[in-house]
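Q: What follows is target.txt, made up of compact mmCIF, C-alpha atoms:
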# COMPACT_ATOMS: atom_id res chain seq x y z
CA MET B 1 103.89 -3.57 43.88
CA LEU B 2 103.50 -3.40 40.16
CA VAL B 3 104.84 -0.07 38.86
CA THR B 4 102.99 1.32 35.89
CA ARG B 5 102.95 4.61 34.07
CA TYR B 6 99.88 5.54 36.15
CA THR B 7 101.86 5.22 39.39
CA ILE B 8 104.95 7.09 38.04
CA ILE B 9 103.05 10.20 36.89
CA PRO B 10 101.85 11.28 40.41
CA ILE B 11 105.37 10.82 41.72
CA ILE B 12 107.15 12.95 39.10
CA ARG B 13 104.42 15.64 38.74
CA PRO B 14 105.73 17.76 41.71
CA PHE B 15 109.23 17.65 40.26
CA LEU B 16 107.93 18.77 36.86
CA LYS B 17 106.15 21.74 38.51
CA LEU B 18 109.33 22.70 40.36
CA LEU B 19 111.38 22.46 37.16
CA LEU B 20 108.86 24.59 35.27
CA SER B 21 108.86 27.24 38.01
CA LEU B 22 112.65 27.45 38.02
CA THR B 23 112.67 27.75 34.23
CA LEU B 24 110.16 30.63 34.29
CA ILE B 25 112.15 32.47 36.98
CA PHE B 26 115.30 32.08 34.91
CA LEU B 27 113.61 33.38 31.77
CA ILE B 28 112.05 36.39 33.51
CA THR B 29 115.18 37.48 35.33
CA GLY B 30 117.32 36.78 32.29
CA CYS B 31 115.24 39.18 30.15
CA GLN B 32 115.31 42.04 32.61
CA LYS B 33 117.71 44.91 31.86
CA ASP B 34 119.79 46.57 34.50
CA PRO B 35 118.30 49.99 35.38
CA VAL B 36 120.02 53.04 33.89
CA ARG B 37 122.01 54.76 36.59
CA GLU B 38 123.90 58.02 36.71
CA LYS B 39 127.66 57.76 36.94
CA PRO B 40 128.74 58.36 40.55
CA LYS B 41 129.82 61.95 41.11
CA ASP B 42 132.11 63.52 43.64
CA PRO B 43 130.44 65.12 46.69
CA PRO B 44 129.33 68.70 45.95
CA THR B 45 131.84 71.43 46.67
CA PRO B 46 130.57 74.06 49.15
CA PRO B 47 129.64 77.29 47.35
CA ASP B 48 132.23 80.04 47.15
CA THR B 49 130.54 82.90 48.98
CA SER B 50 132.95 85.42 47.45
CA ILE B 51 131.36 84.91 44.01
CA THR B 52 128.33 86.98 43.03
CA TYR B 53 126.12 86.22 40.06
CA GLU B 54 125.00 89.70 39.02
CA SER B 55 127.53 89.89 36.17
CA GLY B 56 128.13 86.91 33.97
CA ILE B 57 126.66 84.21 31.81
CA PHE B 58 124.29 81.40 32.80
CA VAL B 59 124.27 78.16 30.84
CA LEU B 60 121.09 76.17 31.35
CA ASN B 61 121.69 72.44 31.11
CA GLU B 62 118.41 70.65 30.32
CA GLY B 63 119.39 67.30 31.77
CA ASN B 64 117.70 64.07 30.68
CA PHE B 65 113.91 63.96 30.59
CA ASN B 66 112.50 62.48 33.83
CA TRP B 67 115.95 62.12 35.40
CA GLY B 68 115.79 65.35 37.40
CA ASN B 69 119.45 66.10 36.61
CA ALA B 70 119.11 69.58 35.12
CA SER B 71 121.67 72.14 36.29
CA ILE B 72 122.98 75.65 35.72
CA THR B 73 126.57 76.57 34.90
CA PHE B 74 127.91 80.06 35.64
CA ILE B 75 130.68 81.72 33.63
CA SER B 76 132.04 84.84 35.31
CA ASN B 77 132.10 88.27 33.72
CA ASP B 78 135.84 88.07 32.99
CA LEU B 79 135.43 84.50 31.64
CA GLY B 80 137.95 83.34 34.23
CA ILE B 81 135.62 81.28 36.45
CA THR B 82 133.30 78.45 35.42
CA GLU B 83 131.15 77.13 38.25
CA GLN B 84 128.94 74.04 37.80
CA ASP B 85 125.47 73.33 39.22
CA ILE B 86 125.22 76.60 41.09
CA PHE B 87 121.55 76.23 41.99
CA GLY B 88 122.01 72.73 43.42
CA ARG B 89 125.15 73.56 45.40
CA ILE B 90 123.80 76.81 46.85
CA ASN B 91 120.25 75.68 47.61
CA GLY B 92 120.92 72.05 48.50
CA ARG B 93 118.43 70.63 46.00
CA SER B 94 118.02 70.05 42.29
CA VAL B 95 116.69 72.88 40.15
CA GLY B 96 114.26 70.31 38.69
CA ASP B 97 113.55 68.29 35.57
CA VAL B 98 114.38 69.87 32.18
CA VAL B 99 115.48 73.49 32.57
CA GLN B 100 114.00 75.30 29.57
CA SER B 101 114.97 78.97 29.69
CA MET B 102 115.78 81.92 31.93
CA LYS B 103 114.81 85.59 32.09
CA ILE B 104 116.47 88.25 34.23
CA VAL B 105 114.09 90.79 35.75
CA GLY B 106 115.69 93.38 38.00
CA ASP B 107 117.54 91.67 40.85
CA PHE B 108 115.98 88.28 40.12
CA GLY B 109 116.47 85.43 37.72
CA LEU B 110 113.38 83.53 36.56
CA ILE B 111 114.35 79.95 35.72
CA VAL B 112 111.72 78.09 33.69
CA VAL B 113 111.64 74.37 34.51
CA ASN B 114 109.46 72.63 31.95
CA ASN B 115 108.81 69.10 33.18
CA THR B 116 108.76 70.09 36.85
CA ASN B 117 106.11 72.61 35.76
CA ASN B 118 107.27 75.68 37.67
CA ILE B 119 109.51 78.74 37.65
CA GLU B 120 112.31 79.01 40.20
CA VAL B 121 113.01 82.61 41.20
CA VAL B 122 116.54 83.28 42.48
CA ASN B 123 118.35 86.30 43.91
CA LEU B 124 121.05 87.19 41.40
CA ARG B 125 123.53 88.30 44.04
CA ASP B 126 123.96 84.90 45.70
CA PHE B 127 121.63 82.65 43.61
CA THR B 128 119.61 81.64 46.65
CA SER B 129 116.03 80.57 46.04
CA TYR B 130 113.53 83.39 46.53
CA LYS B 131 110.33 81.66 45.46
CA THR B 132 108.94 78.77 43.42
CA ILE B 133 106.07 79.85 41.17
CA LYS B 134 103.48 77.23 40.23
CA GLY B 135 100.28 77.24 38.19
CA PHE B 136 101.68 76.59 34.68
CA ASN B 137 100.97 74.01 31.98
CA TYR B 138 104.54 72.97 31.18
CA PRO B 139 106.12 76.44 30.79
CA ARG B 140 108.54 77.32 27.99
CA TYR B 141 109.68 80.97 27.76
CA VAL B 142 109.20 84.30 29.56
CA GLU B 143 109.00 87.81 28.12
CA THR B 144 108.26 90.99 30.06
CA VAL B 145 105.29 93.13 29.07
CA ASP B 146 106.25 96.05 31.32
CA ASN B 147 107.77 96.56 34.77
CA ASN B 148 104.87 94.77 36.42
CA ARG B 149 103.89 91.91 34.13
CA ALA B 150 105.35 89.11 32.02
CA TYR B 151 103.93 86.46 29.71
CA VAL B 152 104.90 82.80 30.05
CA THR B 153 104.24 80.43 27.14
CA ASN B 154 103.06 76.90 27.87
CA LEU B 155 103.10 73.57 26.12
CA ARG B 156 99.35 73.29 26.61
CA LYS B 157 96.18 75.27 27.29
CA ASP B 158 97.24 78.90 27.76
CA ILE B 159 99.72 81.74 28.08
CA SER B 160 100.24 82.63 31.74
CA VAL B 161 100.26 86.27 32.90
CA LEU B 162 102.79 86.76 35.69
CA ASP B 163 102.68 89.56 38.28
CA LEU B 164 106.35 90.52 38.72
CA ASN B 165 105.70 92.27 42.04
CA THR B 166 104.22 89.25 43.79
CA MET B 167 105.79 86.60 41.50
CA THR B 168 102.44 84.86 41.03
CA VAL B 169 100.29 83.79 38.08
CA VAL B 170 97.33 86.19 38.09
CA LYS B 171 95.66 85.49 34.76
CA SER B 172 95.64 83.19 31.73
CA ILE B 173 95.24 83.96 28.04
CA ARG B 174 93.41 80.94 26.72
CA THR B 175 94.82 79.06 23.72
CA PRO B 176 94.30 75.38 22.97
CA TYR B 177 97.71 75.07 21.33
CA TRP B 178 101.39 74.87 22.17
CA THR B 179 102.96 78.36 22.40
CA GLU B 180 106.70 78.91 22.29
CA ARG B 181 108.84 82.01 21.63
CA LEU B 182 107.80 85.63 22.15
CA VAL B 183 108.86 89.08 20.97
CA ARG B 184 107.38 92.39 22.11
CA TYR B 185 106.59 95.14 19.60
CA LYS B 186 105.02 98.36 20.86
CA ASN B 187 101.69 97.49 22.51
CA HIS B 188 101.58 93.94 21.21
CA MET B 189 103.29 90.64 21.94
CA PHE B 190 103.90 88.28 19.03
CA VAL B 191 103.93 84.62 20.10
CA THR B 192 104.82 81.59 17.97
CA CYS B 193 102.36 78.71 18.10
CA TYR B 194 103.17 75.17 16.95
CA GLY B 195 99.60 73.83 17.00
CA GLY B 196 98.29 70.87 18.98
CA PHE B 197 100.91 69.10 21.08
CA THR B 198 99.83 65.58 20.08
CA GLU B 199 98.90 66.37 16.48
CA PRO B 200 100.96 65.46 13.40
CA SER B 201 102.33 68.40 11.45
CA ALA B 202 99.79 67.88 8.65
CA VAL B 203 96.94 69.09 10.88
CA ARG B 204 98.81 71.47 13.17
CA LYS B 205 97.67 75.10 12.96
CA SER B 206 101.07 76.76 13.06
CA GLN B 207 100.75 80.52 13.44
CA ILE B 208 101.80 83.65 15.29
CA TYR B 209 99.39 84.98 17.90
CA VAL B 210 99.12 88.76 18.19
CA ILE B 211 98.29 89.77 21.77
CA ASP B 212 97.10 93.20 22.83
CA THR B 213 99.19 93.70 25.97
CA LYS B 214 96.83 96.38 27.35
CA GLU B 215 93.96 93.90 27.48
CA ASP B 216 95.90 90.60 27.67
CA LYS B 217 93.87 89.39 24.72
CA ILE B 218 94.62 87.66 21.40
CA VAL B 219 93.46 90.05 18.67
CA ASP B 220 94.92 88.52 15.50
CA SER B 221 97.04 85.69 14.10
CA ILE B 222 99.42 85.15 11.18
CA VAL B 223 99.67 81.76 9.46
CA THR B 224 103.26 80.48 9.17
CA GLY B 225 105.16 77.43 8.01
CA LYS B 226 105.06 74.35 10.21
CA GLU B 227 106.60 74.62 13.67
CA PRO B 228 107.75 78.25 14.04
CA THR B 229 110.68 77.75 16.42
CA GLY B 230 112.13 81.26 16.60
CA ILE B 231 111.13 84.92 16.32
CA VAL B 232 113.24 88.11 16.43
CA MET B 233 112.90 91.78 15.45
CA ASP B 234 115.50 93.58 13.29
CA TYR B 235 116.64 97.22 13.26
CA LYS B 236 114.12 98.09 10.54
CA GLU B 237 111.32 96.80 12.78
CA LYS B 238 110.77 93.79 10.58
CA MET B 239 109.99 90.49 12.29
CA TRP B 240 111.78 87.26 11.35
CA VAL B 241 110.32 83.80 12.00
CA LEU B 242 112.16 80.50 11.55
CA CYS B 243 109.98 77.44 10.80
CA SER B 244 111.46 73.94 11.05
CA GLY B 245 108.99 72.30 8.64
CA GLY B 246 107.65 70.04 11.38
CA PHE B 247 109.07 67.42 13.72
CA ASP B 248 108.05 64.78 11.16
CA SER B 249 109.60 66.73 8.23
CA TYR B 250 106.19 67.48 6.76
CA GLU B 251 107.47 70.31 4.56
CA LYS B 252 110.64 72.21 3.72
CA PRO B 253 111.81 74.60 6.45
CA THR B 254 111.30 78.32 5.87
CA LEU B 255 112.55 81.67 7.12
CA LEU B 256 109.91 84.40 7.00
CA ARG B 257 110.20 88.18 7.04
CA VAL B 258 107.00 89.67 8.48
CA ASP B 259 105.63 93.20 8.61
CA PRO B 260 104.36 93.49 12.23
CA VAL B 261 102.18 96.50 11.43
CA ALA B 262 100.38 95.08 8.40
CA ARG B 263 100.75 91.58 9.89
CA LEU B 264 101.67 90.14 6.52
CA ILE B 265 104.53 87.90 5.34
CA GLU B 266 106.73 90.01 3.03
CA LYS B 267 109.26 87.39 1.99
CA THR B 268 109.73 83.64 2.34
CA TYR B 269 113.14 81.96 2.21
CA THR B 270 112.78 78.22 1.61
CA PHE B 271 115.48 75.74 2.62
CA PRO B 272 116.32 73.22 -0.12
CA LEU B 273 115.52 70.02 1.78
CA ALA B 274 112.88 68.83 4.21
CA GLY B 275 114.10 67.12 7.37
CA THR B 276 117.12 69.38 7.95
CA GLN B 277 115.21 71.41 10.60
CA PRO B 278 117.07 74.68 11.27
CA SER B 279 116.71 76.01 14.81
CA ARG B 280 117.71 78.62 17.42
CA LEU B 281 117.09 81.85 15.48
CA CYS B 282 119.04 84.80 16.99
CA ILE B 283 119.99 88.34 15.98
CA ASN B 284 123.05 90.48 16.71
CA PRO B 285 122.99 93.61 18.94
CA SER B 286 122.71 96.02 15.98
CA GLY B 287 119.77 94.07 14.59
CA ASP B 288 121.19 93.66 11.10
CA THR B 289 122.44 90.06 11.10
CA LEU B 290 120.60 86.80 11.77
CA TYR B 291 122.11 83.60 13.16
CA PHE B 292 120.67 80.09 13.35
CA LEU B 293 121.76 76.46 13.54
CA HIS B 294 121.72 74.47 10.29
CA HIS B 295 124.60 72.02 9.82
CA GLY B 296 126.54 74.44 12.00
CA VAL B 297 126.15 78.12 12.83
CA CYS B 298 124.80 80.14 9.89
CA GLN B 299 125.17 83.91 9.59
CA MET B 300 122.80 85.93 7.36
CA PRO B 301 122.47 89.71 6.91
CA VAL B 302 118.83 90.81 7.03
CA SER B 303 119.41 92.46 3.64
CA SER B 304 120.47 89.18 2.00
CA PRO B 305 118.33 88.07 -0.95
CA ASP B 306 119.11 84.40 -0.27
CA LEU B 307 119.83 81.94 2.51
CA PRO B 308 123.54 81.30 3.20
CA ASP B 309 125.10 78.53 1.11
CA MET B 310 127.11 77.11 3.99
CA PRO B 311 127.52 77.63 7.74
CA MET B 312 129.92 80.20 9.08
CA ILE B 313 130.93 77.71 11.79
CA PRO B 314 130.58 74.08 10.63
CA SER B 315 129.40 71.45 13.10
CA GLU B 316 132.37 69.17 12.29
CA GLY B 317 130.74 66.13 13.85
CA ARG B 318 129.62 67.93 16.99
CA LEU B 319 126.01 67.91 18.24
CA LEU B 320 125.45 71.67 18.21
CA TYR B 321 122.33 72.22 20.27
CA GLY B 322 121.99 75.75 21.67
CA LEU B 323 122.87 79.16 20.25
CA GLU B 324 122.85 82.71 21.63
CA ILE B 325 124.47 85.98 20.59
CA HIS B 326 125.96 88.19 23.29
CA PRO B 327 123.69 91.28 23.49
CA GLU B 328 126.65 93.69 23.82
CA THR B 329 129.75 92.15 22.24
CA GLY B 330 127.92 90.25 19.48
CA GLU B 331 130.08 87.19 20.14
CA ILE B 332 128.59 83.81 19.24
CA TYR B 333 127.95 81.27 21.98
CA VAL B 334 127.06 77.76 20.82
CA THR B 335 126.61 74.61 22.89
CA ASP B 336 127.56 71.03 22.13
CA ALA B 337 125.34 68.36 23.73
CA VAL B 338 127.95 65.68 22.78
CA ASP B 339 125.74 62.56 23.01
CA TYR B 340 123.01 63.67 25.46
CA VAL B 341 124.69 61.57 28.19
CA GLN B 342 128.11 63.10 28.73
CA ASP B 343 128.49 66.62 30.07
CA GLY B 344 128.40 69.23 27.31
CA VAL B 345 130.55 72.14 26.19
CA VAL B 346 130.07 75.84 25.36
CA TYR B 347 132.12 77.45 22.57
CA ARG B 348 132.63 81.20 22.09
CA TYR B 349 133.36 82.55 18.60
CA SER B 350 134.11 85.89 16.97
CA GLN B 351 131.14 87.35 15.09
CA ARG B 352 133.51 88.78 12.45
CA ASN B 353 135.22 85.66 11.18
CA GLY B 354 134.00 82.71 13.27
CA GLN B 355 137.34 82.33 15.06
CA LEU B 356 137.19 80.23 18.23
CA LEU B 357 137.78 82.47 21.25
CA GLY B 358 137.03 80.16 24.17
CA ARG B 359 135.77 76.78 25.37
CA TYR B 360 133.89 76.17 28.65
CA ASP B 361 132.70 73.00 30.37
CA ALA B 362 128.97 72.73 31.04
CA GLY B 363 126.48 70.17 32.39
CA ARG B 364 124.20 67.58 30.79
CA ILE B 365 122.65 68.84 27.51
CA PRO B 366 123.49 72.58 27.59
CA ALA B 367 120.67 74.24 25.68
CA TYR B 368 120.02 77.86 26.63
CA ILE B 369 122.30 80.75 27.52
CA CYS B 370 121.24 83.79 29.53
CA PHE B 371 123.36 86.94 29.82
CA THR B 372 123.13 89.38 32.71
CA PRO B 373 122.60 93.01 31.58
CA ASP B 374 126.25 93.92 32.31
CA SER B 375 127.90 90.66 31.22
CA SER B 376 130.23 92.25 28.67
CA LYS B 377 133.96 91.81 29.20
Translate the structure of the given file into structure tokens.

A:
Amino acid sequence: MLVTRYTIIPIIRPFLKLLLSLTLIFLITGCQKDPVREKPKDPPTPPDTSITYESGIFVLNEGNFNWGNASITFISNDLGITEQDIFGRINGRSVGDVVQSMKIVGDFGLIVVNNTNNIEVVNLRDFTSYKTIKGFNYPRYVETVDNNRAYVTNLRKDISVLDLNTMTVVKSIRTPYWTERLVRYKNHMFVTCYGGFTEPSAVRKSQIYVIDTKEDKIVDSIVTGKEPTGIVMDYKEKMWVLCSGGFDSYEKPTLLRVDPVARLIEKTYTFPLAGTQPSRLCINPSGDTLYFLHHGVCQMPVSSPDLPDMPMIPSEGRLLYGLEIHPETGEIYVTDAVDYVQDGVVYRYSQRNGQLLGRYDAGRIPAYICFTPDSSK
């Protein structure tokens, strides 16, 4: 038979198809990345039933977003015991995805879990789960109104009103914007509001909502700098608000002193550069000294005419992430998130001179610290 190019093509066409298929498979599999996996951990240690959690310090470790690896570290009252992942070990399940904050109310601890969209209520004595509260819109922080009620801020839609007797959401205070920190002053709650969650800073309506706690109703608002991240009250009953300037560095950060009665800004302290984003505003037990993170831990008397020139405790290459002041001793607790992947660290410093007093291991991305009412040494 005479072999021509017309007889060869039908013969080799199947082989060409096979070769093309193999090539595509190689290219597809070659471009795929291995999935990110947690490092293997040792089996959990059974809980020590001799330890109670009514006196001590809780470190809330956010964990990585969508990984469900949040945890809670407990540091005992005498600072001699550090226990990791107490909720997981005692209750046999994860606390959830992104632990945001914690509030102690009587014999219970209310653990706000942002991305899991609930609040875990635990018995403080043994840290066993009492109830899981649902009905939020990505909750952030809790503040008590009185013995029976608390407000819970949300990333979207509203501020939830919590019945502390039944541990249920019974009402909502409607707001279209992201609400964050809260401070109670007489018959009103002052709540920081970032603005729309998906909006750029240029159009965000950053403000402080004033809520009448007798009627659970917003009655006024105070315009602030972009992204008011923190709010505290000093001993002169002046309110302080720290504004980051926006996640996109829209403007220079500011620290505001506000008259809560007149609801007017009395003084504005402006940071020299945009994009530096101070955070974690706190105040000492006597209410006369402010603390916040800005290239380290900064200390500022409320009577100061200017912002501090340099931090009291420099970051020194560390990723300082969380900050709290002990409500009795005034000692400074600051967390180091390391690189957001390795387990973090908590440092304890003297409020007088910034001397390092202690170092404690924590979990993944330690962010918030909660003190029991009798957690002093």

Q: For B:Leu319, please output as a list in words all residues within 7 Å (counting all atoms listed in the file; exclusion window: fewer than 6 positions along the same chain).

A: Asp336, Ala337 and Val338 of chain B

Q: Counting all atoms listed in the file, what is within 12 Å of B:Trp67, bar same-chain residues fewer than 3 positions away, as a VMD selection string?

A: chain B and resid 36 to 38 62 to 64 70 to 71 94 to 99 115 to 116 341 364

Q: Compare B:Met312, B:Ile119, B:Leu320, B:Ile208 by their minimum atom-to-atom distance to B:Ile265, counting only C-alpha atoms, and give me the closest one.

A: B:Ile208

Q: Please indicate the distance in Å from atom CA of B:Gln299 to atom CA of B:Leu264, rounded to one decimal place.

A: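 Distance reported for this atom pair: 24.5 Å.
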
Q: Excluding B:Val345 and any residue of its chain fewer than 2 positions from it, enumerate the residues within 7 Å of it, using all atoms listed in the file, and give them as number ranges by chain.

A: B: 335-337, 347, 360-362

Q: I'd like the neighbourhood of stretch 169-183 of chain B as a ChimeraX atom specification, where a residue qualifies if any of its atoms comes within 7 Å (using only C-alpha atoms), though same-chain residues fewer than 5 positions away should be ignored.

A: /B:135,140-141,143,153-163,189-197,216-217,229-232

Q: So which residues are close to (123.4, 96.5, 12.1), meaning at most 9 Å away in the file's coordinates with only C-alpha atoms counted, and can you show them as a list of chain:residue names?

A: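 The answer, in the requested form, is B:Asp234, B:Tyr235, B:Asn284, B:Pro285, B:Ser286, B:Gly287, B:Asp288, B:Thr289, B:Pro301, B:Val302.
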
Q: Considering only C-alpha atoms, can you say which of B:Lys186, B:Trp240, B:Ile75, B:Asn66 comes closest to B:Tyr333?

A: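 For B:Tyr333, the nearest of the candidates is B:Ile75.
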
Q: Fewer than 6 positions away in the same chain doesn't count, so skip those; otherwise give me all residues within 9 Å of B:Gly245, counting all atoms listed in the file, as number ranges by chain.

A: B: 201, 225-228, 251-254, 274-278

Q: Hey, which of B:His326, B:Arg348, B:His188, B:Arg280 ends up closest to B:Cys243? Count only C-alpha atoms.

A: B:Arg280

Q: Atom CA of B:Val121 and atom CA of B:Gly109, how far apart in Å?

A: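 So the two atoms, atom CA of B:Gly109 and atom CA of B:Val121, lie 5.7 Å apart.
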
Q: Starting from the incomplete input, reconstruct N, CA and C atoms of stretch 338-352 of chain B and write that as a compact mmCIF listing (two decimals), keeping the file's coordinate frame.

A:
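Once everything was written out, this is selection35.txt:
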# COMPACT_ATOMS: atom_id res chain seq x y z
N VAL B 338 127.08 66.87 22.90
CA VAL B 338 127.95 65.68 22.78
C VAL B 338 127.12 64.46 22.37
N ASP B 339 126.55 63.74 23.34
CA ASP B 339 125.74 62.56 23.01
C ASP B 339 124.51 62.47 23.91
N TYR B 340 124.14 63.58 24.53
CA TYR B 340 123.01 63.67 25.46
C TYR B 340 123.24 62.92 26.77
N VAL B 341 124.39 62.31 26.96
CA VAL B 341 124.69 61.57 28.19
C VAL B 341 125.90 62.17 28.90
N GLN B 342 126.95 62.46 28.13
CA GLN B 342 128.11 63.10 28.73
C GLN B 342 127.83 64.59 28.96
N ASP B 343 128.59 65.19 29.85
CA ASP B 343 128.49 66.62 30.07
C ASP B 343 128.88 67.37 28.80
N GLY B 344 128.21 68.49 28.55
CA GLY B 344 128.40 69.23 27.31
C GLY B 344 129.45 70.32 27.42
N VAL B 345 129.52 71.11 26.33
CA VAL B 345 130.55 72.14 26.19
C VAL B 345 129.91 73.39 25.60
N VAL B 346 130.46 74.57 25.97
CA VAL B 346 130.07 75.84 25.36
C VAL B 346 131.27 76.40 24.61
N TYR B 347 131.06 76.82 23.36
CA TYR B 347 132.12 77.45 22.57
C TYR B 347 131.77 78.91 22.33
N ARG B 348 132.79 79.76 22.35
CA ARG B 348 132.63 81.20 22.09
C ARG B 348 133.42 81.57 20.84
N TYR B 349 132.74 82.23 19.89
CA TYR B 349 133.36 82.55 18.60
C TYR B 349 133.25 84.05 18.31
N SER B 350 134.16 84.52 17.47
CA SER B 350 134.11 85.89 16.97
C SER B 350 132.97 86.02 15.96
N GLN B 351 132.22 87.12 16.04
CA GLN B 351 131.14 87.35 15.09
C GLN B 351 131.68 87.83 13.74
N ARG B 352 132.93 88.26 13.69
CA ARG B 352 133.51 88.78 12.45
C ARG B 352 133.96 87.67 11.50
